[in-house]
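Raw protein.tsv, TSV, C-alpha atoms:
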```
chain	number	residue	atom	x	y	z
Y	1	MET	CA	35.95	1.59	73.30
Y	2	GLN	CA	32.79	2.27	75.33
Y	3	LEU	CA	33.63	5.99	75.46
Y	4	SER	CA	34.08	6.14	71.69
Y	5	ARG	CA	30.73	4.41	71.16
Y	6	ALA	CA	29.03	6.84	73.52
Y	7	ILE	CA	30.59	9.82	71.71
Y	8	ARG	CA	29.41	8.55	68.32
Y	9	LEU	CA	25.91	8.01	69.65
Y	10	PHE	CA	25.93	11.49	71.23
Y	11	LEU	CA	27.04	13.09	67.96
Y	12	SER	CA	24.34	11.19	66.06
Y	13	ILE	CA	21.67	12.45	68.46
Y	14	LEU	CA	23.12	15.99	68.33
Y	15	ALA	CA	23.05	15.98	64.55
Y	16	CYS	CA	19.45	14.80	64.60
Y	17	ALA	CA	18.52	17.59	67.02
Y	18	LEU	CA	20.14	20.17	64.76
Y	19	MET	CA	18.25	18.81	61.76
Y	20	THR	CA	15.02	19.06	63.70
Y	21	ALA	CA	15.79	22.68	64.57
Y	22	LEU	CA	16.31	23.36	60.87
Y	23	ALA	CA	12.97	21.69	60.07
Y	24	VAL	CA	14.69	18.78	58.34
Y	25	PRO	CA	12.83	15.45	58.93
Y	26	CYS	CA	14.62	13.16	61.31
Y	27	SER	CA	13.80	9.48	61.70
Y	28	ALA	CA	14.91	6.71	63.99
Y	29	GLN	CA	16.45	5.07	60.93
Y	30	GLU	CA	19.29	7.57	61.16
Y	31	VAL	CA	20.44	5.84	64.34
Y	32	ASP	CA	22.54	2.76	63.66
Y	33	CYS	CA	20.91	0.41	66.16
Y	34	LEU	CA	23.54	-2.27	65.61
Y	35	LYS	CA	26.18	-0.07	67.19
Y	36	CYS	CA	24.65	-1.04	70.53
Y	37	HIS	CA	22.75	-4.16	69.53
Y	38	ALA	CA	25.48	-5.86	67.51
Y	39	SER	CA	24.87	-9.21	69.23
Y	40	LEU	CA	21.57	-9.54	67.34
Y	41	THR	CA	23.41	-10.31	64.11
Y	42	ALA	CA	27.08	-10.86	64.99
Y	43	GLY	CA	28.40	-14.14	63.59
Y	44	LYS	CA	24.97	-15.24	62.32
Y	45	LYS	CA	24.69	-16.86	58.88
Y	46	VAL	CA	21.12	-15.86	58.01
Y	47	ARG	CA	19.78	-12.31	58.34
Y	48	HIS	CA	16.13	-11.35	58.31
Y	49	PRO	CA	15.58	-9.22	55.16
Y	50	ALA	CA	13.51	-6.87	57.32
Y	51	LEU	CA	16.78	-5.62	58.86
Y	52	ASP	CA	17.65	-4.02	55.55
Y	53	MET	CA	14.34	-2.15	55.67
Y	54	GLY	CA	15.42	-0.47	58.87
Y	55	CYS	CA	14.59	-1.24	62.48
Y	56	PRO	CA	11.61	1.18	62.57
Y	57	SER	CA	9.82	-1.01	60.01
Y	58	CYS	CA	9.07	-3.37	62.93
Y	59	HIS	CA	9.92	-1.24	65.97
Y	60	SER	CA	8.13	2.01	65.17
Y	61	GLY	CA	7.18	2.34	68.82
Y	62	ILE	CA	10.78	2.92	69.91
Y	63	ASP	CA	12.20	6.41	70.20
Y	64	ALA	CA	15.76	5.54	69.26
Y	65	GLN	CA	16.90	9.15	69.68
Y	66	LYS	CA	16.67	8.82	73.45
Y	67	VAL	CA	18.87	6.59	75.57
Y	68	PRO	CA	17.57	4.66	77.36
Y	69	HIS	CA	14.89	4.25	74.69
Y	70	LYS	CA	11.31	5.14	75.43
Y	71	LYS	CA	8.31	3.26	74.05
Y	72	THR	CA	5.70	5.29	72.21
Y	73	THR	CA	3.22	2.41	71.79
Y	74	THR	CA	1.67	-0.20	74.09
Y	75	PHE	CA	3.02	-3.10	72.04
Y	76	SER	CA	5.82	-5.22	73.49
Y	77	LYS	CA	9.38	-4.24	72.57
Y	78	GLY	CA	8.06	-1.12	70.86
Y	79	LEU	CA	6.77	-3.16	67.94
Y	80	SER	CA	4.57	-1.59	65.28
Y	81	ALA	CA	1.99	-4.32	66.01
Y	82	GLU	CA	1.87	-7.56	67.95
Y	83	GLN	CA	2.85	-10.77	66.19
Y	84	PRO	CA	1.65	-12.45	64.10
Y	85	ASP	CA	-0.12	-9.36	62.69
Y	86	LEU	CA	3.24	-7.60	62.47
Y	87	CYS	CA	4.68	-10.47	60.44
Y	88	TYR	CA	1.70	-10.48	58.08
Y	89	GLY	CA	2.87	-7.09	56.86
Y	90	CYS	CA	5.36	-9.02	54.70
Y	91	HIS	CA	4.30	-12.68	54.94
Y	92	ASP	CA	1.10	-13.86	53.23
Y	93	LYS	CA	-1.47	-14.50	55.97
Y	94	ALA	CA	-3.20	-17.13	53.82
Y	95	MET	CA	-0.18	-19.41	54.25
Y	96	PHE	CA	-0.81	-19.44	57.99
Y	97	SER	CA	-4.59	-19.77	58.08
Y	98	LYS	CA	-5.51	-22.92	56.20
Y	99	LYS	CA	-7.90	-25.53	57.57
Y	100	HIS	CA	-5.46	-27.02	60.07
Y	101	ILE	CA	-3.17	-24.58	61.89
Y	102	HIS	CA	-0.06	-25.53	63.85
Y	103	PRO	CA	-0.65	-24.53	67.50
Y	104	ALA	CA	2.86	-23.08	67.51
Y	105	VAL	CA	1.61	-20.29	65.21
Y	106	ALA	CA	-0.71	-19.07	67.97
Y	107	MET	CA	2.28	-19.08	70.37
Y	108	GLY	CA	3.97	-16.41	68.27
Y	109	CYS	CA	6.34	-16.55	65.32
Y	110	THR	CA	9.38	-15.91	67.51
Y	111	GLY	CA	8.76	-19.18	69.32
Y	112	CYS	CA	10.41	-20.87	66.33
Y	113	HIS	CA	12.06	-18.01	64.41
Y	114	ASP	CA	14.63	-15.44	65.43
Y	115	PRO	CA	13.34	-12.10	64.11
Y	116	HIS	CA	16.84	-10.72	63.48
Y	117	ALA	CA	19.39	-13.36	62.51
Y	118	SER	CA	20.20	-17.01	63.07
Y	119	GLN	CA	22.72	-19.74	62.36
Y	120	ASN	CA	19.89	-21.88	60.99
Y	121	GLU	CA	17.94	-21.73	57.74
Y	122	LYS	CA	14.55	-20.01	57.82
Y	123	LEU	CA	15.84	-18.04	60.83
Y	124	LEU	CA	14.94	-20.98	63.09
Y	125	VAL	CA	16.04	-20.66	66.71
Y	126	SER	CA	17.42	-24.21	66.50
Y	127	ALA	CA	17.69	-26.78	63.75
Y	128	VAL	CA	14.99	-29.30	62.88
Y	129	PRO	CA	14.25	-31.81	64.39
Y	130	ASP	CA	15.58	-30.51	67.72
Y	131	LEU	CA	13.32	-27.49	67.38
Y	132	CYS	CA	10.28	-29.76	67.06
Y	133	PHE	CA	11.26	-31.75	70.15
Y	134	ASN	CA	10.70	-28.66	72.26
Y	135	CYS	CA	6.99	-29.48	72.03
Y	136	HIS	CA	6.82	-33.01	70.64
Y	137	ASP	CA	7.99	-35.89	72.85
Y	138	LYS	CA	11.25	-37.19	71.36
Y	139	GLY	CA	10.41	-40.66	72.69
Y	140	ASP	CA	7.60	-40.94	70.13
Y	141	PHE	CA	10.18	-40.61	67.37
Y	142	SER	CA	12.92	-42.86	68.69
Y	143	ARG	CA	11.40	-46.28	69.25
Y	144	LYS	CA	13.04	-49.51	68.05
Y	145	ASN	CA	12.16	-49.01	64.38
Y	146	VAL	CA	12.35	-45.45	63.06
Y	147	HIS	CA	10.88	-44.26	59.77
Y	148	GLN	CA	13.79	-43.17	57.57
Y	149	PRO	CA	12.61	-39.56	57.01
Y	150	VAL	CA	12.31	-39.19	60.79
Y	151	ALA	CA	15.79	-40.60	61.33
Y	152	GLY	CA	17.05	-38.01	58.84
Y	153	GLY	CA	15.32	-35.15	60.67
Y	154	MET	CA	13.10	-34.49	57.65
Y	155	CYS	CA	9.99	-33.36	59.50
Y	156	LEU	CA	9.25	-30.68	56.91
Y	157	THR	CA	9.30	-33.21	54.06
Y	158	CYS	CA	5.94	-34.48	55.27
Y	159	HIS	CA	4.57	-31.65	57.41
Y	160	ASN	CA	3.90	-27.97	56.86
Y	161	PRO	CA	5.07	-26.13	60.00
Y	162	HIS	CA	2.43	-23.41	59.71
Y	163	SER	CA	-0.88	-24.62	58.30
Y	164	SER	CA	-2.31	-27.13	55.85
Y	165	ASP	CA	-5.61	-28.21	54.34
Y	166	SER	CA	-4.64	-31.83	55.05
Y	167	THR	CA	-4.90	-33.56	58.42
Y	168	TRP	CA	-1.84	-33.65	60.69
Y	169	LEU	CA	-0.44	-30.64	58.82
Y	170	LEU	CA	0.66	-32.92	56.00
Y	171	ASN	CA	1.88	-31.33	52.78
Y	172	LYS	CA	-0.77	-33.32	50.89
Y	173	ASP	CA	-3.32	-36.03	51.67
Y	174	GLN	CA	-1.70	-39.01	53.34
Y	175	LEU	CA	-2.20	-41.60	50.61
Y	176	HIS	CA	-0.50	-39.47	47.96
Y	177	LEU	CA	2.19	-38.34	50.38
Y	178	CYS	CA	3.15	-41.88	51.38
Y	179	THR	CA	3.06	-43.26	47.84
Y	180	GLU	CA	5.58	-40.64	46.71
Y	181	CYS	CA	8.16	-42.92	48.34
Y	182	HIS	CA	6.19	-46.17	48.61
Y	183	ASP	CA	4.82	-46.30	45.07
Y	184	GLN	CA	4.90	-50.10	45.02
Y	185	ILE	CA	1.91	-50.08	47.36
Y	186	VAL	CA	-0.46	-48.96	44.59
Y	187	LYS	CA	0.99	-51.27	41.95
Y	188	GLY	CA	-0.59	-54.40	43.36
Y	189	PRO	CA	-2.73	-55.80	46.20
Y	190	HIS	CA	-1.55	-54.54	49.58
Y	191	ALA	CA	-1.31	-56.77	52.68
Y	192	ILE	CA	-3.72	-59.39	51.30
Y	193	SER	CA	-5.08	-60.12	47.83
Y	194	GLY	CA	-8.57	-61.07	49.01
Y	195	PHE	CA	-11.20	-62.80	46.90
Y	196	GLY	CA	-11.49	-59.84	44.55
Y	197	GLY	CA	-7.74	-59.45	44.19
Y	198	LYS	CA	-7.91	-55.78	45.21
Y	199	GLY	CA	-5.99	-56.04	48.45
Y	200	HIS	CA	-6.55	-54.06	51.63
Y	201	PRO	CA	-8.06	-50.56	51.25
Y	202	LEU	CA	-5.45	-47.82	51.40
Y	203	GLY	CA	-7.61	-44.97	52.61
Y	204	ALA	CA	-8.98	-43.58	49.36
Y	205	PRO	CA	-12.33	-41.80	49.89
Y	206	LYS	CA	-15.52	-43.66	48.99
Y	207	MET	CA	-18.60	-42.50	47.16
Y	208	ASP	CA	-21.52	-41.75	49.47
Y	209	LYS	CA	-24.48	-43.50	47.84
Y	210	ARG	CA	-26.93	-40.99	49.31
Y	211	THR	CA	-25.17	-37.70	48.53
Y	212	LYS	CA	-23.12	-38.95	45.57
Y	213	GLU	CA	-20.06	-37.26	47.11
Y	214	LEU	CA	-16.63	-38.65	47.93
Y	215	ARG	CA	-16.17	-38.93	51.68
Y	216	PRO	CA	-13.21	-40.14	53.77
Y	217	VAL	CA	-13.48	-43.54	55.40
Y	218	GLU	CA	-13.38	-43.48	59.20
Y	219	ASP	CA	-10.69	-45.32	61.12
Y	220	PRO	CA	-12.47	-48.27	62.81
Y	221	VAL	CA	-10.32	-48.01	65.95
Y	222	ARG	CA	-9.55	-44.29	66.27
Y	223	LYS	CA	-13.00	-42.77	66.17
Y	224	GLY	CA	-13.26	-39.44	64.40
Y	225	MET	CA	-10.00	-40.02	62.53
Y	226	PRO	CA	-9.82	-40.80	58.81
Y	227	PHE	CA	-8.68	-44.24	57.73
Y	228	ALA	CA	-5.25	-43.91	56.14
Y	229	CYS	CA	-1.81	-45.49	56.05
Y	230	SER	CA	-1.27	-44.38	59.64
Y	231	SER	CA	-4.22	-46.51	60.74
Y	232	CYS	CA	-1.93	-49.52	60.46
Y	233	HIS	CA	1.53	-47.96	60.47
Y	234	ASN	CA	3.10	-45.41	62.77
Y	235	PRO	CA	4.69	-42.83	60.43
Y	236	HIS	CA	7.36	-41.90	62.97
Y	237	SER	CA	8.60	-44.94	64.90
Y	238	SER	CA	7.39	-48.21	66.35
Y	239	ASP	CA	8.53	-51.11	68.49
Y	240	SER	CA	6.81	-53.50	66.06
Y	241	ILE	CA	7.92	-54.72	62.64
Y	242	HIS	CA	6.95	-52.72	59.54
Y	243	LEU	CA	6.28	-49.71	61.77
Y	244	PHE	CA	2.99	-51.31	62.85
Y	245	ARG	CA	0.91	-48.94	64.96
Y	246	TYR	CA	-0.12	-51.68	67.40
Y	247	PRO	CA	1.94	-54.41	69.10
Y	248	ALA	CA	2.29	-57.19	66.53
Y	249	LYS	CA	4.92	-59.67	65.41
Y	250	SER	CA	3.09	-60.50	62.18
Y	251	SER	CA	0.48	-59.01	59.86
Y	252	THR	CA	-2.12	-61.39	61.25
Y	253	GLU	CA	-1.55	-60.13	64.79
Y	254	LEU	CA	-2.05	-56.59	63.51
Y	255	CYS	CA	-5.31	-57.42	61.71
Y	256	VAL	CA	-7.13	-58.48	64.88
Y	257	HIS	CA	-7.00	-54.93	66.20
Y	258	CYS	CA	-9.75	-54.07	63.69
Y	259	HIS	CA	-11.10	-57.41	62.56
Y	260	LYS	CA	-12.58	-59.37	65.45
Y	261	PHE	CA	-12.82	-63.09	64.74
```
Now that the file is in, can you turn its structure into C-alpha coordinates?
Amino acid sequence: MQLSRAIRLFLSILACALMTALAVPCSAQEVDCLKCHASLTAGKKVRHPALDMGCPSCHSGIDAQKVPHKKTTTFSKGLSAEQPDLCYGCHDKAMFSKKHIHPAVAMGCTGCHDPHASQNEKLLVSAVPDLCFNCHDKGDFSRKNVHQPVAGGMCLTCHNPHSSDSTWLLNKDQLHLCTECHDQIVKGPHAISGFGGKGHPLGAPKMDKRTKELRPVEDPVRKGMPFACSSCHNPHSSDSIHLFRYPAKSSTELCVHCHKF
(Lines of atoms letter the chains of each structure in order from A and count residues from 1; the text may use other names and numbers.)
(Lines give C-alpha, C1' and ligand atoms only; values in the text may rest on other atoms or scores of the structure.)
Protein backbone atom coordinates (compact mmCIF):
# COMPACT_ATOMS: atom_id res chain seq x y z
CA MET A 1 0.00 0.00 0.00
CA GLN A 2 2.71 2.50 0.99
CA LEU A 3 4.83 1.45 -2.01
CA SER A 4 1.91 1.96 -4.39
CA ARG A 5 1.27 5.43 -2.96
CA ALA A 6 4.93 6.33 -3.33
CA ILE A 7 4.94 5.13 -6.95
CA ARG A 8 1.86 7.20 -7.80
CA LEU A 9 3.39 10.27 -6.20
CA PHE A 10 6.67 9.66 -8.06
CA LEU A 11 4.84 9.33 -11.39
CA SER A 12 2.90 12.53 -10.69
CA ILE A 13 6.12 14.42 -10.00
CA LEU A 14 7.78 12.87 -13.07
CA ALA A 15 4.88 13.89 -15.27
CA CYS A 16 5.07 17.42 -13.90
CA ALA A 17 8.80 17.55 -14.62
CA LEU A 18 8.22 16.42 -18.20
CA MET A 19 5.55 19.08 -18.66
CA THR A 20 7.96 21.69 -17.36
CA ALA A 21 10.60 20.53 -19.84
CA LEU A 22 8.03 20.93 -22.62
CA ALA A 23 7.22 24.45 -21.39
CA VAL A 24 3.75 23.39 -20.25
CA PRO A 25 2.66 25.22 -17.04
CA CYS A 26 2.70 23.01 -13.99
CA SER A 27 1.01 23.90 -10.72
CA ALA A 28 0.86 22.40 -7.27
CA GLN A 29 -2.83 21.79 -7.93
CA GLU A 30 -1.84 18.85 -10.10
CA VAL A 31 -0.69 17.02 -6.97
CA ASP A 32 -3.54 15.34 -5.13
CA CYS A 33 -2.63 16.40 -1.60
CA LEU A 34 -5.27 14.15 -0.06
CA LYS A 35 -3.38 11.08 -1.19
CA CYS A 36 -1.02 11.76 1.72
CA HIS A 37 -3.20 14.02 3.84
CA ALA A 38 -6.41 11.99 3.72
CA SER A 39 -6.93 12.33 7.48
CA LEU A 40 -7.80 16.01 6.99
CA THR A 41 -11.17 15.10 5.52
CA ALA A 42 -11.69 11.36 6.08
CA GLY A 43 -15.03 10.63 7.74
CA LYS A 44 -15.85 14.31 8.25
CA LYS A 45 -19.38 15.56 7.56
CA VAL A 46 -18.62 19.17 6.65
CA ARG A 47 -15.94 20.18 4.13
CA HIS A 48 -14.53 23.66 3.74
CA PRO A 49 -15.56 24.87 0.25
CA ALA A 50 -12.00 26.20 -0.15
CA LEU A 51 -10.85 22.58 -0.60
CA ASP A 52 -12.65 22.50 -3.93
CA MET A 53 -10.67 25.55 -4.99
CA GLY A 54 -7.47 23.60 -4.58
CA CYS A 55 -4.95 23.53 -1.75
CA PRO A 56 -2.74 26.25 -3.31
CA SER A 57 -5.58 28.76 -2.86
CA CYS A 58 -4.57 28.86 0.82
CA HIS A 59 -1.16 27.15 0.81
CA SER A 60 0.57 28.91 -2.08
CA GLY A 61 3.80 28.87 -0.09
CA ILE A 62 4.13 25.09 -0.31
CA ASP A 63 6.10 23.46 -3.10
CA ALA A 64 4.01 20.30 -3.34
CA GLN A 65 6.21 18.90 -6.11
CA LYS A 66 8.97 18.19 -3.61
CA VAL A 67 8.76 15.64 -0.82
CA PRO A 68 9.29 16.55 1.93
CA HIS A 69 7.63 19.83 0.98
CA LYS A 70 9.57 23.06 1.09
CA LYS A 71 8.10 26.41 2.11
CA THR A 72 8.51 29.28 -0.31
CA THR A 73 7.06 31.95 2.02
CA THR A 74 7.64 32.99 5.64
CA PHE A 75 4.03 32.38 6.61
CA SER A 76 3.22 29.42 8.86
CA LYS A 77 2.25 26.16 7.14
CA GLY A 78 3.10 27.70 3.78
CA LEU A 79 -0.05 29.80 3.84
CA SER A 80 -0.64 32.52 1.27
CA ALA A 81 -1.09 34.97 4.17
CA GLU A 82 -1.50 34.76 7.92
CA GLN A 83 -4.99 34.44 9.36
CA PRO A 84 -7.31 36.23 9.61
CA ASP A 85 -6.14 38.12 6.49
CA LEU A 86 -6.06 34.84 4.58
CA CYS A 87 -9.66 34.12 5.53
CA TYR A 88 -10.78 37.61 4.48
CA GLY A 89 -9.97 36.60 0.92
CA CYS A 90 -13.37 34.85 0.93
CA HIS A 91 -15.11 36.01 4.12
CA ASP A 92 -16.37 39.60 4.41
CA LYS A 93 -14.05 41.42 6.82
CA ALA A 94 -16.86 43.78 7.85
CA MET A 95 -18.59 40.88 9.61
CA PHE A 96 -15.58 40.54 11.90
CA SER A 97 -14.82 44.19 12.62
CA LYS A 98 -17.92 45.72 14.15
CA LYS A 99 -17.85 47.83 17.31
CA HIS A 100 -17.39 44.92 19.70
CA ILE A 101 -15.08 42.11 18.57
CA HIS A 102 -14.88 38.66 20.14
CA PRO A 103 -11.34 38.24 21.54
CA ALA A 104 -11.30 34.78 19.99
CA VAL A 105 -11.11 36.41 16.55
CA ALA A 106 -7.71 37.88 17.44
CA MET A 107 -6.59 34.39 18.54
CA GLY A 108 -7.01 33.14 14.98
CA CYS A 109 -9.92 31.61 13.10
CA THR A 110 -8.58 28.09 13.54
CA GLY A 111 -8.98 28.40 17.29
CA CYS A 112 -12.67 27.66 16.71
CA HIS A 113 -12.84 26.41 13.12
CA ASP A 114 -11.13 23.52 11.37
CA PRO A 115 -9.86 24.92 8.06
CA HIS A 116 -10.35 21.63 6.20
CA ALA A 117 -13.27 19.55 7.46
CA SER A 118 -15.20 18.82 10.64
CA GLN A 119 -17.96 16.72 12.13
CA ASN A 120 -19.61 19.92 13.35
CA GLU A 121 -21.57 22.63 11.54
CA LYS A 122 -19.68 25.78 10.58
CA LEU A 123 -16.50 23.66 10.62
CA LEU A 124 -16.30 24.12 14.40
CA VAL A 125 -13.59 22.12 16.15
CA SER A 126 -16.19 21.04 18.73
CA ALA A 127 -19.89 21.61 19.14
CA VAL A 128 -21.42 24.58 20.95
CA PRO A 129 -21.57 25.05 23.93
CA ASP A 130 -18.56 22.84 24.70
CA LEU A 131 -16.49 24.95 22.32
CA CYS A 132 -17.36 28.09 24.29
CA PHE A 133 -16.41 26.47 27.59
CA ASN A 134 -12.81 26.30 26.41
CA CYS A 135 -12.60 29.98 27.33
CA HIS A 136 -15.73 30.69 29.37
CA ASP A 137 -16.03 29.16 32.85
CA LYS A 138 -18.70 26.47 32.66
CA GLY A 139 -19.55 27.13 36.31
CA ASP A 140 -21.03 30.51 35.35
CA PHE A 141 -23.55 28.70 33.18
CA SER A 142 -24.53 25.84 35.46
CA ARG A 143 -25.77 27.35 38.70
CA LYS A 144 -28.99 26.25 40.41
CA ASN A 145 -31.32 28.01 37.96
CA VAL A 146 -30.26 27.97 34.30
CA HIS A 147 -31.73 30.16 31.57
CA GLN A 148 -33.46 27.84 29.09
CA PRO A 149 -31.47 28.93 25.99
CA VAL A 150 -28.27 28.24 27.95
CA ALA A 151 -29.52 24.82 29.02
CA GLY A 152 -30.19 24.09 25.34
CA GLY A 153 -26.67 25.14 24.30
CA MET A 154 -28.08 28.02 22.25
CA CYS A 155 -25.25 30.49 22.77
CA LEU A 156 -25.47 31.72 19.18
CA THR A 157 -29.18 32.53 19.53
CA CYS A 158 -28.21 35.54 21.63
CA HIS A 159 -24.55 36.16 20.76
CA ASN A 160 -22.63 36.75 17.56
CA PRO A 161 -19.41 34.72 17.80
CA HIS A 162 -17.38 37.19 15.73
CA SER A 163 -18.41 40.81 16.24
CA SER A 164 -21.44 42.95 16.97
CA ASP A 165 -22.47 46.58 17.30
CA SER A 166 -24.31 45.66 20.52
CA THR A 167 -22.68 45.15 23.92
CA TRP A 168 -21.71 41.62 24.99
CA LEU A 169 -21.69 40.58 21.32
CA LEU A 170 -25.47 40.37 21.38
CA ASN A 171 -27.29 39.92 18.09
CA LYS A 172 -29.30 43.07 18.85
CA ASP A 173 -29.71 45.48 21.76
CA GLN A 174 -30.57 43.65 24.96
CA LEU A 175 -34.10 44.98 25.49
CA HIS A 176 -35.27 43.89 22.05
CA LEU A 177 -33.37 40.61 22.26
CA CYS A 178 -34.94 39.63 25.58
CA THR A 179 -38.46 40.69 24.62
CA GLU A 180 -38.37 38.40 21.58
CA CYS A 181 -39.08 35.62 24.09
CA HIS A 182 -40.34 37.63 27.07
CA ASP A 183 -42.81 39.86 25.25
CA GLN A 184 -45.13 40.00 28.26
CA ILE A 185 -42.61 42.30 29.94
CA VAL A 186 -43.52 45.22 27.67
CA LYS A 187 -47.26 44.62 27.81
CA GLY A 188 -47.66 45.97 31.33
CA PRO A 189 -45.81 47.38 34.35
CA HIS A 190 -42.74 45.31 35.20
CA ALA A 191 -41.74 44.42 38.77
CA ILE A 192 -43.78 47.24 40.33
CA SER A 193 -46.56 49.48 39.03
CA GLY A 194 -45.41 52.60 40.87
CA PHE A 195 -47.43 55.77 41.30
CA GLY A 196 -47.41 56.48 37.57
CA GLY A 197 -48.33 52.94 36.65
CA LYS A 198 -45.33 52.64 34.32
CA GLY A 199 -43.45 49.97 36.22
CA HIS A 200 -39.70 49.59 36.56
CA PRO A 201 -37.55 50.96 33.70
CA LEU A 202 -36.42 48.26 31.29
CA GLY A 203 -33.29 49.88 29.96
CA ALA A 204 -34.63 51.95 27.09
CA PRO A 205 -32.38 54.95 26.33
CA LYS A 206 -33.43 58.36 27.64
CA MET A 207 -33.42 61.74 25.97
CA ASP A 208 -30.50 63.93 27.05
CA LYS A 209 -32.10 67.30 27.82
CA ARG A 210 -28.90 69.15 26.93
CA THR A 211 -27.95 67.47 23.65
CA LYS A 212 -31.46 66.30 22.69
CA GLU A 213 -29.99 62.87 21.90
CA LEU A 214 -31.00 59.43 23.13
CA ARG A 215 -28.39 58.05 25.50
CA PRO A 216 -28.21 54.73 27.38
CA VAL A 217 -28.91 54.76 31.09
CA GLU A 218 -25.97 53.69 33.26
CA ASP A 219 -26.23 50.70 35.57
CA PRO A 220 -26.27 52.15 39.12
CA VAL A 221 -24.20 49.27 40.52
CA ARG A 222 -21.93 48.23 37.64
CA LYS A 223 -20.29 51.51 36.74
CA GLY A 224 -19.61 52.03 33.06
CA MET A 225 -22.15 49.39 32.07
CA PRO A 226 -25.52 50.20 30.49
CA PHE A 227 -28.67 49.56 32.49
CA ALA A 228 -30.50 46.64 30.93
CA CYS A 229 -32.33 43.42 31.76
CA SER A 230 -29.04 41.93 32.92
CA SER A 231 -28.75 44.62 35.60
CA CYS A 232 -31.30 42.64 37.60
CA HIS A 233 -31.19 39.21 35.97
CA ASN A 234 -28.28 36.97 35.11
CA PRO A 235 -28.91 35.89 31.49
CA HIS A 236 -27.04 32.61 31.95
CA SER A 237 -27.65 31.10 35.38
CA SER A 238 -28.20 32.08 38.98
CA ASP A 239 -28.55 30.58 42.44
CA SER A 240 -31.43 32.99 43.13
CA ILE A 241 -35.05 32.87 41.97
CA HIS A 242 -36.01 34.47 38.66
CA LEU A 243 -32.35 34.39 37.62
CA PHE A 244 -31.69 37.38 39.90
CA ARG A 245 -28.17 38.73 39.46
CA TYR A 246 -27.68 39.25 43.20
CA PRO A 247 -28.49 36.97 46.17
CA ALA A 248 -32.19 37.45 46.86
CA LYS A 249 -35.15 35.33 47.90
CA SER A 250 -37.70 37.96 46.87
CA SER A 251 -37.98 40.98 44.60
CA THR A 252 -37.71 43.28 47.61
CA GLU A 253 -34.38 41.75 48.60
CA LEU A 254 -33.13 42.37 45.08
CA CYS A 255 -34.24 46.02 45.04
CA VAL A 256 -32.00 47.03 47.95
CA HIS A 257 -28.91 46.38 45.86
CA CYS A 258 -29.68 49.61 44.00
CA HIS A 259 -32.21 51.40 46.16
CA LYS A 260 -30.80 52.19 49.59
CA PHE A 261 -33.50 52.81 52.18
### Contacts of Thr73 of chain Y within 9 Å, all atoms listed in the file, excl. fewer than 5 positions in-chain, as an MDAnalysis selection string
chainID Y and resid 60:62 78:81
#### Entry: Top pick for closest residue to His113 of chain Y, considering Y:Val46, Y:His100, Y:Leu170, Y:Leu156 and counting all atoms listed in the file
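That would be Y:Val46, the residue with the smallest distance to His113 of chain Y.
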Each segment 38-58 of chain Y residue no farther than 9 Å from segment 121-127 of chain Y, nearest pair in Å, all atoms listed in the file, as a Markdown table:
```
| residue | atom | partner | partner_atom | distance |
| --- | --- | --- | --- | --- |
| Y:Lys45 | CA | Y:Glu121 | CA | 8.4 |
| Y:Val46 | CA | Y:Leu123 | CA | 6.4 |
| Y:Arg47 | CA | Y:Leu123 | CA | 7.4 |
| Y:His48 | CA | Y:Leu123 | CA | 7.2 |
```
### Message
List as a list in words the protein and nucleic acid residues near Trp168 of chain Y, meaning an atom at most 9 Å away when all atoms listed in the file are counted, but skip any in the same chain fewer than 3 places from it.
### Response
His100, His102, His159, Asn160 and Ser164 of chain Y
## Note on the structure
What separates atom CA of Lys144 of chain Y and atom CA of Met225 of chain Y is a distance of 25.5 Å
Hey, can I get the axis-aligned box for segment 161-166 of chain Y? All listed atoms, 5 Å padding on each side, centre and edge lengths in Å to one decimal, as lines of an AutoDock Vina configuration file.
```
center_x = -0.3
center_y = -27.6
center_z = 57.2
size_x = 20.7
size_y = 18.4
size_z = 15.7
```
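Near Ala42 of chain Y, within a cut-off of 12 Å and counting only C-alpha atoms, sit the residues Leu34, Lys35, Cys36, His37, Ala38, Val46, Arg47, His116, Ala117, Ser118 and Gln119 of chain Y, with same-chain residues fewer than 4 positions away left out.
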### Task
Could you tell me which of Y:Ala228, Y:Ala50, Y:Ser142, Y:Gly152 comes closest to Gly89 of chain Y if we count all atoms listed in the file?
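Result for the nearest residue to Gly89 of chain Y: Y:Ala50.
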### Task
Have a look at atom CA of Gly153 of chain Y and atom CA of Ile241 of chain Y and let me know their distance in Å, one decimal.
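Spanning atom CA of Gly153 of chain Y to atom CA of Ile241 of chain Y is a straight-line distance of 21.0 Å.
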### Message
Just want the 9 Å neighbourhood of Lys98 of chain Y, counted on all atoms listed in the file, with same-chain residues fewer than 6 positions away dropped. Output as a PyMOL selection string.
### Response
chain Y and resi 162-165
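We find atom CA of His236 of chain Y and atom CA of Arg143 of chain Y to be spaced 8.7 Å apart.
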### Query
If you count only C-alpha atoms, which residues fall within 8 Å of Ser166 of chain Y, apart from same-chain ones fewer than 6 positions away, as a list in words?
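Near neighbours after the sequence-gap exclusion: Lys99, His100, Lys172, Asp173 and Gln174 of chain Y.
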### Query
With only C-alpha atoms as the basis for distance, which of Y:Ala104, Y:Cys135, Y:Val217, Y:Cys232 is at the shortest distance from Ser251 of chain Y?
Y:Cys232
#### Entry: Sphere at (16.0, 1.5, 60.9), radius 12 Å, counting only C-alpha atoms: residues as a ChimeraX atom specification
/Y:26-34,50-65
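The smallest atom-to-atom distance between Phe141 of chain Y and any of Y:Asp219, Y:Ser238, Y:His233, Y:Gly111, using all atoms listed in the file, is found for Y:Ser238.
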